[in-house]
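Undergrad: The structure follows.
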Amino acid sequence: MSLRTSRPARIGQYLALLAYLVFLAFPFLWLVSTAFKPAPELASLHPTWIPEDPTLANFRQAFDEQSLLRAAGNSLVAAVCAALIAVVVATPMAYVTARHRSRLTTAATGWVVVSQAFPFVLVIIPLFLVLKDLHLINSLAGLVMVYVVWSLPFALWMLVGYVRAVPAELEEAAAVDGAGRLRTLVSVTAPLLAPGIVATALFAFVTAWNEFFFALVLLKTPEKQTLPVVLTHFLGAEGVADLGPLAAAAFLATIPSLVLFAVIQKRITGGMFTGAVKS
């Protein structure tokens, strides 16, 4: 009897989840459909879900009109450097914050969380003036510095949670067995933090890869611009979009984020303490 009553509830949950997934996937599916549609179908008053005559012309036109590979390389350099530096800086900070709790660390963590609510417009003018004095305007190094500063609060907040999830008893047991502080951190704590470090780095990478506002303000020459900024070049002077090439370029720009989020999902659900059993 309980199975009969629970089955409709499960079906309802699955249907609700399916509806939510369709809602989330609609923009991406429409983007993919638009990317493969020829110009006559894009101008049609009766749009279709599936292209009737799919074509790769939009992709060829996108690469002919803009330097997408160069822009993708700039985005890749900025995102990788920002993610690595943010994780290297945030990991020891997170360990100290999690293991040595005090009013100061609690206040610092609260300020980190609050700082994430600040809008970009509020900080862009001070950042611009600082980078101008450092001669880092229109450079990937300056953009990486901004990305590191902007992603550090989130990276710190995320890593603090991972460090707190590692039982302090494991470190105490290693100390009892004669392991020094450094060996304990390297052999016991670091392997358990590895999934959290990877997930944090990937989140920082995706954030920098998709960032638009800072790159638009700080990068002036086309040779230095990142991929999100280059995508705006498919908009005409009067705001008319070259829809086919824009959709094709946006689809290509979305692929790295999708792949990395799939990796993040595996890392997070894989479990932090696999094999963390003291024998």
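A note on labels: chains of the structure tokens are A, B, ... as shown, every chain counts residues from 1, and ligands are counted from 1 in their shown order.
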Which residues, written as a VMD selection string, have at least one atom at most 10 Å from Val198 of chain A, with only C-alpha atoms counted and residues fewer than 5 positions away on the same chain left out?
TA: chain A and resid 83 to 84 87 193 203 to 204 263 to 264 267 to 268
Undergrad: Restrict the selected residues to C-alpha atoms and save them as a JSON list (two decimals), in the first residue's frame.
TA:
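part_5.json, written as the output of this step:
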```json
[["chain", "number", "residue", "atom", "x", "y", "z"],
["A", 83, "ALA", "CA", 42.34, 30.37, -10.77],
["A", 84, "LEU", "CA", 45.81, 29.07, -9.85],
["A", 87, "VAL", "CA", 43.75, 28.85, -4.95],
["A", 193, "LEU", "CA", 41.44, 18.84, 0.59],
["A", 203, "PHE", "CA", 34.78, 27.65, -10.13],
["A", 204, "ALA", "CA", 37.35, 30.46, -10.22],
["A", 263, "VAL", "CA", 34.10, 17.98, -13.84],
["A", 264, "ILE", "CA", 33.14, 20.04, -10.79],
["A", 267, "ARG", "CA", 34.59, 16.14, -7.90],
["A", 268, "ILE", "CA", 31.99, 17.37, -5.44]]
```
Undergrad: Could you jot down the atom CA of Gly244 of chain A to atom CA of Val206 of chain A separation for me, Å, one decimal place?
TA: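 Computing the Euclidean distance for atom CA of Gly244 of chain A and atom CA of Val206 of chain A yields 24.7 Å.
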Undergrad: What are the DSSP helix (DSSP H, G or I) residues of segment 29-265 of chain A, as a ChimeraX atom specification?
TA: /A:29-35,39-42,57-65,68-99,103-115,120-133,140-165,168-176,181-210,213-218,222-224,227-234,243-265
Undergrad: Smallest atom-to-atom distance to Ser75 of chain A: which of A:Met158, A:Leu42, A:Leu17, A:Leu143, using only C-alpha atoms?
TA: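 Using only C-alpha atoms, Ser75 of chain A sits closest to A:Leu143.
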Undergrad: For Thr189 of chain A, which residue out of A:Lys220, A:His46, A:His135, A:Arg99 is the nearest one, using only C-alpha atoms?
TA: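 The closest residue to Thr189 of chain A is A:Arg99.
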Undergrad: Identify, on the basis of only C-alpha atoms, every residue whose closest approach to Phe212 of chain A does not exceed 9 Å; exclude the query and any residue fewer than 2 positions from it along the same chain; express the result as a list in words.
TA: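 Final neighbour list, sorted by chain and number: Ala208, Trp209, Asn210, Phe214, Ala215, Leu216, Val217, Thr226, Leu227, Pro228 and Val229 of chain A.
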Undergrad: Go through A:Phe205, A:Tyr95, A:Phe36, A:Trp111 one by one, measure the shortest atom-to-atom distance of each to Asp53 of chain A using only C-alpha atoms, and give the residue with the smallest value.
TA: A:Phe36
